[in-house]
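Raw contents of data-v2.cif, mmCIF, C-alpha atoms and all ligand atoms:
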data_structure
loop_
_atom_site.label_atom_id
_atom_site.label_comp_id
_atom_site.auth_asym_id
_atom_site.auth_seq_id
_atom_site.Cartn_x
_atom_site.Cartn_y
_atom_site.Cartn_z
CA MET X 901 79.48 88.55 90.31
CA HIS X 902 81.27 85.28 91.08
CA ALA X 903 85.02 85.18 91.68
CA TRP X 904 87.23 82.21 90.84
CA PRO X 905 88.08 79.00 92.70
CA ALA X 906 90.65 79.13 95.50
CA SER X 907 93.73 76.96 95.24
CA GLU X 908 94.52 75.10 98.44
CA VAL X 909 96.85 76.83 100.91
CA PRO X 910 98.94 74.08 102.55
CA ALA X 911 99.40 74.22 106.33
CA LEU X 912 102.92 75.00 107.56
CA PRO X 913 104.66 74.31 110.83
CA GLY X 914 104.87 77.34 113.15
CA THR X 915 103.33 80.77 112.64
CA GLY X 916 104.10 83.67 110.33
CA ARG X 917 105.07 87.21 111.21
CA ASP X 918 103.07 90.43 111.20
CA LEU X 919 103.25 92.30 107.91
CA ARG X 920 105.29 95.48 107.74
CA ILE X 921 104.44 97.30 104.53
CA HIS X 922 105.19 100.58 102.80
CA ASP X 923 102.28 103.02 103.05
CA THR X 924 102.06 105.61 100.29
CA ALA X 925 100.14 108.03 102.51
CA THR X 926 102.79 108.25 105.25
CA GLY X 927 105.68 107.51 102.90
CA GLY X 928 107.13 104.88 105.22
CA PRO X 929 106.68 101.38 106.58
CA VAL X 930 103.73 100.54 108.83
CA THR X 931 103.31 97.37 110.84
CA LEU X 932 99.69 96.40 110.51
CA ASP X 933 97.82 94.83 113.39
CA PRO X 934 94.64 93.71 111.68
CA GLY X 935 92.94 91.69 114.39
CA PRO X 936 91.46 88.26 113.68
CA VAL X 937 90.03 89.28 110.29
CA ALA X 938 92.30 91.35 108.07
CA ARG X 939 90.47 93.58 105.59
CA ILE X 940 91.80 94.45 102.16
CA TYR X 941 90.32 96.11 99.09
CA VAL X 942 92.18 95.79 95.79
CA CYS X 943 91.16 97.66 92.66
CA GLY X 944 90.16 95.22 89.93
CA ILE X 945 90.39 95.36 86.16
CA THR X 946 88.50 97.38 83.62
CA PRO X 947 87.60 94.42 81.42
CA TYR X 948 88.14 95.63 77.87
CA ASP X 949 91.25 93.59 77.10
CA ALA X 950 92.99 90.48 78.43
CA THR X 951 95.02 90.30 81.65
CA HIS X 952 98.57 91.45 80.96
CA ILE X 953 101.73 90.88 82.95
CA GLY X 954 101.38 94.30 84.59
CA HIS X 955 97.98 93.41 86.03
CA ALA X 956 99.29 90.02 87.10
CA ALA X 957 102.26 91.65 88.88
CA THR X 958 99.95 93.94 90.85
CA TYR X 959 97.61 91.10 91.85
CA ASN X 960 100.65 89.01 92.78
CA ALA X 961 101.65 91.65 95.34
CA PHE X 962 98.25 91.58 97.05
CA ASP X 963 98.10 87.80 96.88
CA LEU X 964 101.31 87.81 98.93
CA VAL X 965 99.65 90.11 101.46
CA GLN X 966 96.84 87.58 101.87
CA ARG X 967 99.25 84.68 102.21
CA VAL X 968 101.31 86.46 104.88
CA TRP X 969 98.13 87.18 106.84
CA LEU X 970 96.80 83.62 106.45
CA ASP X 971 100.14 82.35 107.74
CA THR X 972 99.54 84.35 110.95
CA LYS X 973 96.34 82.29 111.36
CA ARG X 974 94.13 85.24 110.58
CA GLN X 975 91.19 85.21 108.26
CA VAL X 976 91.30 87.57 105.32
CA HIS X 977 88.35 89.55 104.06
CA TYR X 978 89.38 90.46 100.54
CA VAL X 979 87.17 92.53 98.23
CA GLN X 980 87.85 93.34 94.59
CA ASN X 981 85.81 95.20 91.99
CA VAL X 982 85.40 94.98 88.23
CA THR X 983 84.94 98.32 86.49
CA ASP X 984 82.42 96.85 84.10
CA VAL X 985 81.14 100.19 82.88
CA ASP X 986 83.46 103.11 82.17
CA ASP X 987 84.64 105.27 79.26
CA PRO X 988 87.55 103.05 78.09
CA LEU X 989 85.33 99.95 78.00
CA LEU X 990 82.58 101.75 76.06
CA GLU X 991 85.14 103.28 73.68
CA ARG X 992 86.76 99.90 72.95
CA ALA X 993 83.36 98.24 72.38
CA ALA X 994 82.37 101.04 69.98
CA ARG X 995 85.73 100.83 68.14
CA ASP X 996 85.39 97.06 67.67
CA ASN X 997 81.67 97.20 67.03
CA VAL X 998 80.86 94.74 69.81
CA ASP X 999 78.34 94.84 72.61
CA TRP X 1000 80.00 96.40 75.69
CA THR X 1001 78.39 93.95 78.11
CA ALA X 1002 79.58 90.97 76.05
CA LEU X 1003 83.10 92.42 75.91
CA ALA X 1004 83.15 92.95 79.69
CA GLU X 1005 81.87 89.44 80.39
CA GLN X 1006 84.33 87.81 78.03
CA GLU X 1007 87.37 89.63 79.44
CA THR X 1008 86.25 89.10 83.03
CA ALA X 1009 85.91 85.37 82.34
CA LEU X 1010 89.43 85.31 80.92
CA PHE X 1011 90.72 87.22 83.96
CA ARG X 1012 89.21 84.59 86.25
CA GLU X 1013 90.95 81.85 84.26
CA ASP X 1014 94.28 83.69 84.44
CA MET X 1015 93.97 84.32 88.17
CA THR X 1016 93.10 80.65 88.77
CA ALA X 1017 96.05 79.46 86.69
CA LEU X 1018 98.40 81.78 88.59
CA ARG X 1019 97.05 80.54 91.95
CA MET X 1020 95.93 84.00 93.04
CA LEU X 1021 93.54 83.59 95.97
CA PRO X 1022 90.09 84.92 95.09
CA PRO X 1023 88.30 87.80 96.83
CA ARG X 1024 85.40 86.98 99.14
CA GLN X 1025 83.32 89.51 97.23
CA TYR X 1026 83.94 90.21 93.56
CA ILE X 1027 81.67 93.10 92.63
CA GLY X 1028 80.95 94.77 89.32
CA ALA X 1029 80.34 98.51 89.03
CA VAL X 1030 76.97 97.88 87.42
CA GLU X 1031 75.71 95.69 90.25
CA ALA X 1032 76.99 98.29 92.75
CA ILE X 1033 74.87 101.13 91.29
CA PRO X 1034 71.98 100.75 93.80
CA GLY X 1035 74.54 101.29 96.59
CA ILE X 1036 76.32 104.14 94.83
CA VAL X 1037 73.28 106.35 94.21
CA PRO X 1038 72.42 107.00 97.90
CA LEU X 1039 76.06 107.84 98.64
CA VAL X 1040 76.14 110.46 95.89
CA GLU X 1041 72.81 111.84 97.12
CA ARG X 1042 74.23 112.10 100.64
CA LEU X 1043 77.34 113.90 99.42
CA ARG X 1044 75.20 116.33 97.45
CA ASP X 1045 72.77 116.92 100.32
CA SER X 1046 75.62 117.62 102.74
CA GLY X 1047 77.19 120.16 100.38
CA ALA X 1048 80.22 117.97 99.53
CA ALA X 1049 78.99 117.60 95.95
CA TYR X 1050 77.33 119.86 93.41
CA GLU X 1051 75.54 119.66 90.09
CA LEU X 1052 76.89 120.89 86.80
CA GLU X 1053 74.62 120.56 83.76
CA GLY X 1054 73.04 117.44 85.21
CA ASP X 1055 76.34 115.79 86.21
CA VAL X 1056 77.34 115.61 89.87
CA TYR X 1057 80.85 116.51 91.02
CA PHE X 1058 82.62 115.91 94.31
CA SER X 1059 84.11 119.02 95.86
CA VAL X 1060 87.68 118.21 96.92
CA GLU X 1061 87.46 121.05 99.45
CA ALA X 1062 84.94 118.94 101.41
CA ASP X 1063 87.76 116.76 102.73
CA PRO X 1064 90.26 118.46 105.05
CA HIS X 1065 92.66 115.57 104.39
CA PHE X 1066 92.56 115.92 100.59
CA GLY X 1067 96.08 115.36 99.23
CA GLY X 1068 97.02 113.10 102.11
CA VAL X 1069 97.44 109.97 100.02
CA SER X 1070 99.55 111.26 97.12
CA HIS X 1071 101.05 114.46 98.61
CA LEU X 1072 101.30 115.91 95.11
CA ASP X 1073 101.23 119.62 94.37
CA VAL X 1074 98.27 121.09 92.52
CA ALA X 1075 100.08 121.31 89.16
CA ALA X 1076 100.99 117.61 89.24
CA MET X 1077 97.46 116.70 90.32
CA ARG X 1078 96.00 118.66 87.45
CA LEU X 1079 98.23 116.93 84.92
CA LEU X 1080 97.45 113.44 86.22
CA SER X 1081 93.77 114.20 86.51
CA ALA X 1082 93.65 115.08 82.78
CA GLU X 1083 95.62 111.92 81.91
CA ARG X 1084 93.61 109.55 84.06
CA GLY X 1085 89.94 110.09 83.39
CA GLY X 1086 89.38 113.54 84.95
CA ASP X 1087 88.27 116.76 83.23
CA PRO X 1088 90.17 119.64 84.87
CA ASP X 1089 89.44 121.99 81.98
CA ARG X 1090 85.65 121.71 82.05
CA PRO X 1091 84.21 125.20 82.65
CA GLY X 1092 81.94 125.70 85.65
CA LYS X 1093 83.66 123.38 88.10
CA LYS X 1094 84.36 124.77 91.57
CA ASN X 1095 87.86 123.30 91.54
CA PRO X 1096 89.44 121.91 88.34
CA LEU X 1097 90.38 118.74 90.27
CA ASP X 1098 86.82 117.91 91.35
CA PRO X 1099 85.99 114.42 90.05
CA MET X 1100 82.66 113.26 88.73
CA LEU X 1101 80.45 111.21 91.00
CA TRP X 1102 77.50 110.73 88.70
CA MET X 1103 77.39 111.31 84.95
CA ALA X 1104 73.99 112.20 83.53
CA ALA X 1105 72.84 109.89 80.71
CA ARG X 1106 74.45 110.63 77.33
CA ASP X 1107 72.93 109.73 73.97
CA GLY X 1108 73.92 106.26 72.82
CA GLU X 1109 75.46 105.33 76.18
CA PRO X 1110 74.07 102.99 78.83
CA SER X 1111 72.40 104.59 81.84
CA TRP X 1112 70.65 103.54 85.03
CA ASP X 1113 68.02 104.95 87.36
CA GLY X 1114 69.78 107.34 89.72
CA GLY X 1115 66.81 108.32 91.93
CA SER X 1116 66.97 112.05 92.60
CA LEU X 1117 70.19 112.23 90.51
CA GLY X 1118 68.32 111.34 87.33
CA ARG X 1119 69.39 108.64 84.88
CA GLY X 1120 73.10 108.20 84.43
CA ARG X 1121 76.12 106.16 85.43
CA PRO X 1122 78.59 106.28 88.30
CA GLY X 1123 81.99 107.94 88.39
CA TRP X 1124 85.04 105.74 88.81
CA HIS X 1125 86.21 106.61 92.33
CA ILE X 1126 82.82 106.39 94.04
CA GLU X 1127 82.45 102.89 92.57
CA CYS X 1128 85.35 101.55 94.63
CA VAL X 1129 84.36 103.53 97.73
CA ALA X 1130 80.78 102.22 97.67
CA ILE X 1131 81.95 98.62 97.29
CA ALA X 1132 84.68 98.94 99.94
CA LEU X 1133 82.44 100.63 102.53
CA ASP X 1134 79.59 98.22 101.87
CA HIS X 1135 81.68 95.11 102.50
CA LEU X 1136 84.59 96.26 104.66
CA GLY X 1137 83.49 99.49 106.36
CA MET X 1138 85.83 102.38 107.25
CA GLY X 1139 89.32 101.90 108.60
CA PHE X 1140 90.12 98.70 106.74
CA ASP X 1141 93.71 97.56 106.61
CA ILE X 1142 94.88 97.97 103.01
CA GLN X 1143 93.67 99.76 99.91
CA GLY X 1144 95.72 98.35 97.04
CA GLY X 1145 96.45 98.81 93.37
CA GLY X 1146 99.17 99.77 90.94
CA SER X 1147 101.05 103.06 91.38
CA ASP X 1148 99.05 104.58 88.51
CA LEU X 1149 96.09 104.58 90.92
CA VAL X 1150 97.68 106.76 93.61
CA PHE X 1151 96.30 109.87 91.95
CA PRO X 1152 93.52 110.55 91.27
CA HIS X 1153 91.83 107.24 92.04
CA HIS X 1154 92.94 106.47 95.58
CA GLU X 1155 93.27 110.10 96.61
CA MET X 1156 89.70 110.84 95.49
CA GLY X 1157 88.36 107.58 96.90
CA ALA X 1158 89.81 108.39 100.32
CA SER X 1159 88.26 111.87 100.16
CA HIS X 1160 84.84 110.55 99.16
CA ALA X 1161 84.85 108.09 102.07
CA GLN X 1162 86.14 110.64 104.58
CA ALA X 1163 83.55 113.24 103.52
CA LEU X 1164 80.80 110.61 103.72
CA THR X 1165 81.63 109.26 107.15
CA GLY X 1166 83.53 112.05 108.88
CA GLU X 1167 86.09 109.38 109.76
CA PHE X 1168 89.76 109.23 108.83
CA PRO X 1169 91.49 107.38 107.26
CA MET X 1170 89.56 105.06 104.99
CA ALA X 1171 92.47 102.60 104.90
CA LYS X 1172 95.30 102.09 107.39
CA ALA X 1173 97.76 101.62 104.54
CA TYR X 1174 97.66 102.62 100.88
CA VAL X 1175 99.81 100.11 99.07
CA HIS X 1176 100.96 100.47 95.49
CA ALA X 1177 102.73 98.13 93.12
CA GLY X 1178 105.26 99.41 90.58
CA MET X 1179 104.59 99.49 86.86
CA VAL X 1180 105.69 96.75 84.49
CA ALA X 1181 106.99 97.98 81.14
CA LEU X 1182 107.50 96.41 77.75
CA HIS X 1183 109.98 97.90 75.27
CA GLY X 1184 110.68 100.80 77.60
CA GLN X 1185 107.09 101.92 78.14
CA LYS X 1186 104.49 101.09 80.81
CA MET X 1187 102.45 98.12 79.64
CA SER X 1188 99.01 99.54 79.02
CA LYS X 1189 95.84 98.62 77.25
CA SER X 1190 95.62 102.08 75.74
CA LYS X 1191 99.14 101.85 74.25
CA GLY X 1192 98.77 98.21 73.24
CA ASN X 1193 102.33 97.14 74.24
CA LEU X 1194 101.14 94.06 76.07
CA VAL X 1195 102.15 90.55 77.02
CA PHE X 1196 99.03 88.63 77.93
CA VAL X 1197 98.99 85.95 80.61
CA SER X 1198 96.52 83.95 78.51
CA ALA X 1199 98.80 84.12 75.44
CA LEU X 1200 101.75 82.78 77.44
CA ARG X 1201 99.55 79.99 78.79
CA ARG X 1202 98.40 79.13 75.26
CA GLU X 1203 102.05 78.89 74.20
CA GLY X 1204 102.43 76.25 76.89
CA VAL X 1205 104.31 78.33 79.48
CA ASP X 1206 103.77 76.83 82.92
CA PRO X 1207 101.80 79.34 85.06
CA ALA X 1208 104.19 78.56 87.94
CA ALA X 1209 107.00 80.03 85.81
CA ILE X 1210 104.95 83.17 85.12
CA ARG X 1211 104.38 83.47 88.84
CA LEU X 1212 108.11 83.07 89.52
CA ALA X 1213 108.87 85.76 86.95
CA LEU X 1214 106.60 88.15 88.87
CA LEU X 1215 108.05 87.17 92.24
CA ALA X 1216 111.60 87.84 91.02
CA HIS X 1217 110.84 91.59 91.16
CA HIS X 1218 110.12 93.58 94.29
CA TYR X 1219 106.48 94.68 94.10
CA ARG X 1220 107.31 98.38 94.50
CA ALA X 1221 109.91 98.42 91.72
CA ASP X 1222 109.11 99.44 88.16
CA TRP X 1223 110.51 96.73 85.92
CA GLU X 1224 110.65 95.56 82.34
CA TRP X 1225 109.27 92.30 80.97
CA THR X 1226 111.78 90.60 78.64
CA ASP X 1227 112.30 87.10 77.28
CA GLN X 1228 115.22 86.78 79.67
CA VAL X 1229 112.91 87.35 82.66
CA LEU X 1230 110.82 84.40 81.51
CA GLN X 1231 113.85 82.22 80.72
CA ASP X 1232 115.27 82.86 84.20
CA ALA X 1233 111.95 81.91 85.78
CA LEU X 1234 111.70 78.71 83.75
CA ALA X 1235 115.25 77.72 84.75
CA ARG X 1236 114.52 78.44 88.43
CA LEU X 1237 111.33 76.37 88.26
CA ASP X 1238 113.33 73.42 86.84
CA ARG X 1239 115.96 73.73 89.58
CA TRP X 1240 113.38 73.92 92.35
CA ARG X 1241 111.35 71.00 90.98
CA ALA X 1242 114.48 68.85 90.78
CA ALA X 1243 115.38 69.83 94.35
CA VAL X 1244 112.01 68.85 95.83
CA SER X 1245 111.68 65.65 93.82
CA ARG X 1246 113.80 63.65 96.30
CA PRO X 1247 112.34 62.25 99.55
CA ASP X 1248 115.01 63.84 101.76
CA GLY X 1249 117.30 66.87 101.75
CA PRO X 1250 118.82 69.66 103.87
CA SER X 1251 116.68 70.84 106.78
CA ALA X 1252 113.80 73.13 105.72
CA GLU X 1253 113.11 74.70 109.10
CA ALA X 1254 115.38 77.73 108.74
CA LEU X 1255 114.29 78.21 105.14
CA VAL X 1256 110.60 78.47 106.06
CA GLU X 1257 111.53 81.16 108.61
CA GLU X 1258 113.63 83.01 106.02
CA ILE X 1259 110.74 83.07 103.55
CA ARG X 1260 108.39 84.30 106.28
CA GLU X 1261 110.85 87.00 107.35
CA ALA X 1262 111.39 88.18 103.77
CA LEU X 1263 107.71 88.43 102.89
CA ALA X 1264 106.71 90.08 106.18
CA ASN X 1265 109.36 92.70 105.43
CA ASP X 1266 107.45 94.73 102.81
CA LEU X 1267 106.80 91.63 100.67
CA ASP X 1268 110.43 91.07 99.73
CA ALA X 1269 109.76 88.20 97.33
CA PRO X 1270 113.19 88.41 95.64
CA ALA X 1271 114.80 87.73 99.03
CA ALA X 1272 112.44 84.79 99.55
CA LEU X 1273 113.39 83.37 96.14
CA ALA X 1274 117.09 83.77 96.95
CA ALA X 1275 116.61 81.79 100.17
CA VAL X 1276 114.93 78.93 98.28
CA ASP X 1277 117.69 79.10 95.65
CA ARG X 1278 120.31 78.58 98.37
CA TRP X 1279 118.46 75.56 99.72
CA ALA X 1280 118.14 74.12 96.19
CA VAL X 1281 121.90 74.55 95.62
CA LEU X 1282 122.64 72.75 98.89
CA GLN X 1283 120.29 69.98 97.87
CA SER X 1284 121.89 69.52 94.45
CA GLU X 1285 125.50 69.81 95.67
CA ARG X 1286 125.39 67.96 98.96
CA GLY X 1287 121.89 66.66 99.50
CA GLY X 1288 120.74 66.06 103.08
CA THR X 1289 119.25 63.51 105.39
CA ASP X 1290 116.15 65.33 106.64
CA GLU X 1291 113.30 63.13 105.64
CA GLY X 1292 110.34 65.09 104.34
CA ALA X 1293 112.27 68.37 104.05
CA PRO X 1294 111.60 68.69 100.30
CA GLY X 1295 107.89 68.30 101.02
CA VAL X 1296 108.02 71.11 103.58
CA VAL X 1297 109.80 73.36 101.05
CA SER X 1298 107.23 72.51 98.43
CA ARG X 1299 104.36 73.34 100.78
CA ALA X 1300 106.00 76.56 101.96
CA VAL X 1301 106.59 77.80 98.44
CA ASP X 1302 102.95 77.11 97.60
CA ALA X 1303 101.41 78.44 100.84
CA LEU X 1304 103.46 81.63 100.96
CA MET X 1305 104.02 82.42 97.27
CA GLY X 1306 101.41 80.49 95.30
CA VAL X 1307 103.97 78.48 93.34
CA ALA X 1308 103.04 74.85 92.75
CA LEU X 1309 106.16 72.71 92.41
N1 LIG O 1 89.41 99.25 87.13
C1 LIG O 1 90.46 100.15 87.51
C2 LIG O 1 90.70 100.13 89.00
S1 LIG O 1 89.26 100.40 89.92
C3 LIG O 1 91.75 99.87 86.77
O1 LIG O 1 92.70 100.58 86.98
N2 LIG O 1 91.72 98.84 85.90
S2 LIG O 1 92.98 98.40 85.00
O2 LIG O 1 92.52 97.25 84.27
O3 LIG O 1 93.46 99.49 84.25
O4 LIG O 1 94.12 97.99 85.97
C4 LIG O 1 93.94 96.93 86.90
C5 LIG O 1 95.07 96.94 87.93
O5 LIG O 1 96.32 96.68 87.28
C6 LIG O 1 95.24 98.29 88.63
O6 LIG O 1 95.58 98.07 89.99
C7 LIG O 1 96.40 98.93 87.90
O7 LIG O 1 97.12 99.81 88.73
C8 LIG O 1 97.25 97.71 87.56
N3 LIG O 1 98.09 97.93 86.36
C9 LIG O 1 97.72 98.39 85.15
N4 LIG O 1 98.78 98.46 84.30
C10 LIG O 1 99.86 98.01 85.00
C11 LIG O 1 101.25 97.82 84.70
N5 LIG O 1 101.75 98.09 83.49
N6 LIG O 1 102.06 97.34 85.68
C12 LIG O 1 101.57 97.04 86.92
N7 LIG O 1 100.27 97.19 87.25
C13 LIG O 1 99.42 97.66 86.32
ZN ZN O 2 89.40 101.13 92.08
#

Just give me the structure of the file as structure tokens.
Amino acid sequence: MHAWPASEVPALPGTGRDLRIHDTATGGPVTLDPGPVARIYVCGITPYDATHIGHAATYNAFDLVQRVWLDTKRQVHYVQNVTDVDDPLLERAARDNVDWTALAEQETALFREDMTALRMLPPRQYIGAVEAIPGIVPLVERLRDSGAAYELEGDVYFSVEADPHFGGVSHLDVAAMRLLSAERGGDPDRPGKKNPLDPMLWMAARDGEPSWDGGSLGRGRPGWHIECVAIALDHLGMGFDIQGGGSDLVFPHHEMGASHAQALTGEFPMAKAYVHAGMVALHGQKMSKSKGNLVFVSALRREGVDPAAIRLALLAHHYRADWEWTDQVLQDALARLDRWRAAVSRPDGPSAEALVEEIREALANDLDAPAALAAVDRWAVLQSERGGTDEGAPGVVSRAVDALMGVAL
């Protein structure tokens, strides 16, 4: 699958700082030392509806990760998937009486447009679940042959007991895991499973549903967690730097993914940091495709909202916070964009050197974008109240804001 075009990342004077980021698995900050090529896998969309502000907020967080790394003169190997076959997509296509492949293609195309407009840097590999099937099948076969997976009425389940580190990402107790598993695509109540939490790796073909050749597994389609593991291991290998997504993916998705990978390779951990963005709500409830309480990025763009303002609205919230989208959030972002654009429109201004360092410091400190915005705000106030004589300073600010936060002034 193709990704989307990269916006230019302007060069800045000096060098950025190493990223210190909160790791869900250890429950604290880790300073990553990725080497010359930093490796990150971020869970992509299930394309049955348009990109909403919640998705955009999550991808904004991981775009900041990339920008911090690029600023340290590293390369970034970024991989993202598209869950282009799964129950919710098939259910929505059936409900609306449309072809599921057409629905997936249409929503993926819109996602690419939204990501481009928001200046989110694209992944190096953008891989659909369907195109990953030839790589998934041998992994499931290996898990089964090693005793880490078992068959149940033609379906294949992963045995969570096969991973001694199971639970090490979410640290939830069994009761909480069971509840979340039922809510998020699992089937803890299915009779015959060895452990109610065991997730499906391969689902035998069902009548009226798409299926693919699964070799010795028979026809069927892949489970959700093994999809991301197969893609991540294929392109990044074990021990990559960050596995990312929204906090609704901590359990079961990232817990199970880590277990699949660890059982497959005997290595630990799959990712050096598990990083999770908070949930964006609308009208008091998590924005979600299944609930339908959504604000779409594409709808805002159609109304003529500048994507840079949408981006500023996302950046105004710390990525780990849960927050609520309101009209006021957008109004504040629009006003800030106006102030910043006015401030950089002059040829000279207050020195930008310290500001660039403040932005770097803020973002390297667990992606503290609100602190970075506050620093730029202070510079813009100085510019409007007193001005300055540093020639070219507004240009440096403009480039820094774009290079480090993807905001085009
Ligand atoms: N395809 C899977 C991941 S492999 C999936 O979760 N797709 S999704 O379309 O439901 O979500 C895409 C990304 O957006 C995930 O990282 C998810 O955690 C995040 N996300 C979904 N809803 C919200 C929300 N309300 N706020 C913040 N992030 C969200
Ligand atoms: Zn995923």

Inset, instruction - Would you list the residues that come within 7 Å of ligand ZN 2 (chain O)? Count only C-alpha atoms and all ligand atoms and give the answer as a PyMOL selection string. - result: chain X and resi 943-944+981+1125+1128+1153

Any chance you could export the current selection's C-alpha atoms as a PDB file, keeping the file's coordinate frame?
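Okay, this is what ended up in again-v6.pdb:
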ATOM      1  CA  CYS X 943      91.160  97.660  92.660  1.00  0.00           C
ATOM      2  CA  GLY X 944      90.160  95.220  89.930  1.00  0.00           C
ATOM      3  CA  ASN X 981      85.810  95.200  91.990  1.00  0.00           C
ATOM      4  CA  HIS X1125      86.210 106.610  92.330  1.00  0.00           C
ATOM      5  CA  CYS X1128      85.350 101.550  94.630  1.00  0.00           C
ATOM      6  CA  HIS X1153      91.830 107.240  92.040  1.00  0.00           C
TER       7      HIS X1153
END

Inset, instruction - Could you give me the residues within 7 Å of ligand LIG 1 (chain O), counting only C-alpha atoms and all ligand atoms, as a PyMOL selection string? - result: chain X and resi 943-947+954-955+957-958+981-983+1124+1128+1145-1149+1177-1181+1186-1188

Inset, instruction - Pick out the residues sitting within 7 Å of Pro1169 in chain X, and hand them over as a PyMOL selection string; count all atoms listed in the file, and ignore anything fewer than 3 positions along from it in its own chain. - result: chain X and resi 1139+1162+1172

Legend entry - Point-to-point distance from CA of His952 in chain X to CA of His1218 in chain X, Å rounded to tenths: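 These two atoms are separated by 17.8 Å.
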
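When the distance limit is 12 Å and only C-alpha atoms are what count, the residues near His1071 in chain X, minus those fewer than 2 positions from it on the same chain, are Thr924, Ala925, Thr926, Gly927, His1065, Phe1066, Gly1067, Gly1068, Val1069, Asp1073, Val1074, Ala1075, Ala1076, Met1077, Val1150, Phe1151, Pro1152, His1154 and Glu1155 of chain X.
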
Legend entry - Closest of X:Leu1234, X:Ala1300, X:Ala1161, X:Ala903 to Ala1208 in chain X - atom-to-atom distances counting all atoms listed in the file: X:Leu1234

Inset, instruction - Name the closest residue to Ile1131 in chain X among the candidates X:Gln1006, X:Ser1116, X:Gln980, X:Asn997; distances are taken between atoms, counting all atoms listed in the file. - result: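 Closest to Ile1131 in chain X, using all atoms listed in the file: X:Gln980.
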
Legend entry - Nearby residues (only C-alpha atoms) at most 9 Å from Glu1261 in chain X, same-chain spacing under 5 positions excluded, as a VMD selection string: chain X and resid 916 to 917 1256 1268 1272

Inset, instruction - Work out how far CA of Trp1102 in chain X is from CA of Leu1052 in chain X, in Å to one decimal. - result: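 About the pair CA of Leu1052 in chain X and CA of Trp1102 in chain X: they are 10.4 Å apart.
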
Inset, instruction - Would you list the residues near (93.7, 90.6, 81.1), meaning any protein, DNA or RNA residue with an atom at most 9 Å from that point in file coordinates, counting all atoms listed in the file, as a list in words? - result: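 Here the neighbourhood of the point contains Ile945, Thr946, Pro947, Tyr948, Asp949, Ala950, Thr951, His952, Ile953, His955, Ala956, Glu1007, Thr1008, Leu1010, Phe1011, Asp1014, Phe1196, Val1197 and Ser1198 of chain X.
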
How about saving the chosen residues, C-alpha atoms kept, as a short mmCIF file (atom, residue, chain, number, x, y, z; two decimals), in the coordinates of the input?
data_model
loop_
_atom_site.label_atom_id
_atom_site.label_comp_id
_atom_site.auth_asym_id
_atom_site.auth_seq_id
_atom_site.Cartn_x
_atom_site.Cartn_y
_atom_site.Cartn_z
CA ILE X 945 90.39 95.36 86.16
CA THR X 946 88.50 97.38 83.62
CA PRO X 947 87.60 94.42 81.42
CA TYR X 948 88.14 95.63 77.87
CA ASP X 949 91.25 93.59 77.10
CA ALA X 950 92.99 90.48 78.43
CA THR X 951 95.02 90.30 81.65
CA HIS X 952 98.57 91.45 80.96
CA ILE X 953 101.73 90.88 82.95
CA HIS X 955 97.98 93.41 86.03
CA ALA X 956 99.29 90.02 87.10
CA GLU X 1007 87.37 89.63 79.44
CA THR X 1008 86.25 89.10 83.03
CA LEU X 1010 89.43 85.31 80.92
CA PHE X 1011 90.72 87.22 83.96
CA ASP X 1014 94.28 83.69 84.44
CA PHE X 1196 99.03 88.63 77.93
CA VAL X 1197 98.99 85.95 80.61
CA SER X 1198 96.52 83.95 78.51
#

Legend entry - X:Met1103, X:Leu1072, X:Ala1173, X:Ile1036 ranked by distance to Ile921 in chain X, top pick (using all atoms listed in the file):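 Answer, going by the shortest atom-to-atom distance: X:Ala1173.
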
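Excluding Glu1253 in chain X and any residue on its chain fewer than 3 positions from it, the residues at most 12 Å away by only C-alpha atoms are Leu912, Pro913, Gly914, Gly1249, Pro1250, Val1256, Glu1257, Glu1258, Ile1259, Arg1260, Ala1275, Val1276, Trp1279, Asp1290, Gly1292, Ala1293, Pro1294, Gly1295, Val1296, Val1297 and Ala1300 of chain X.
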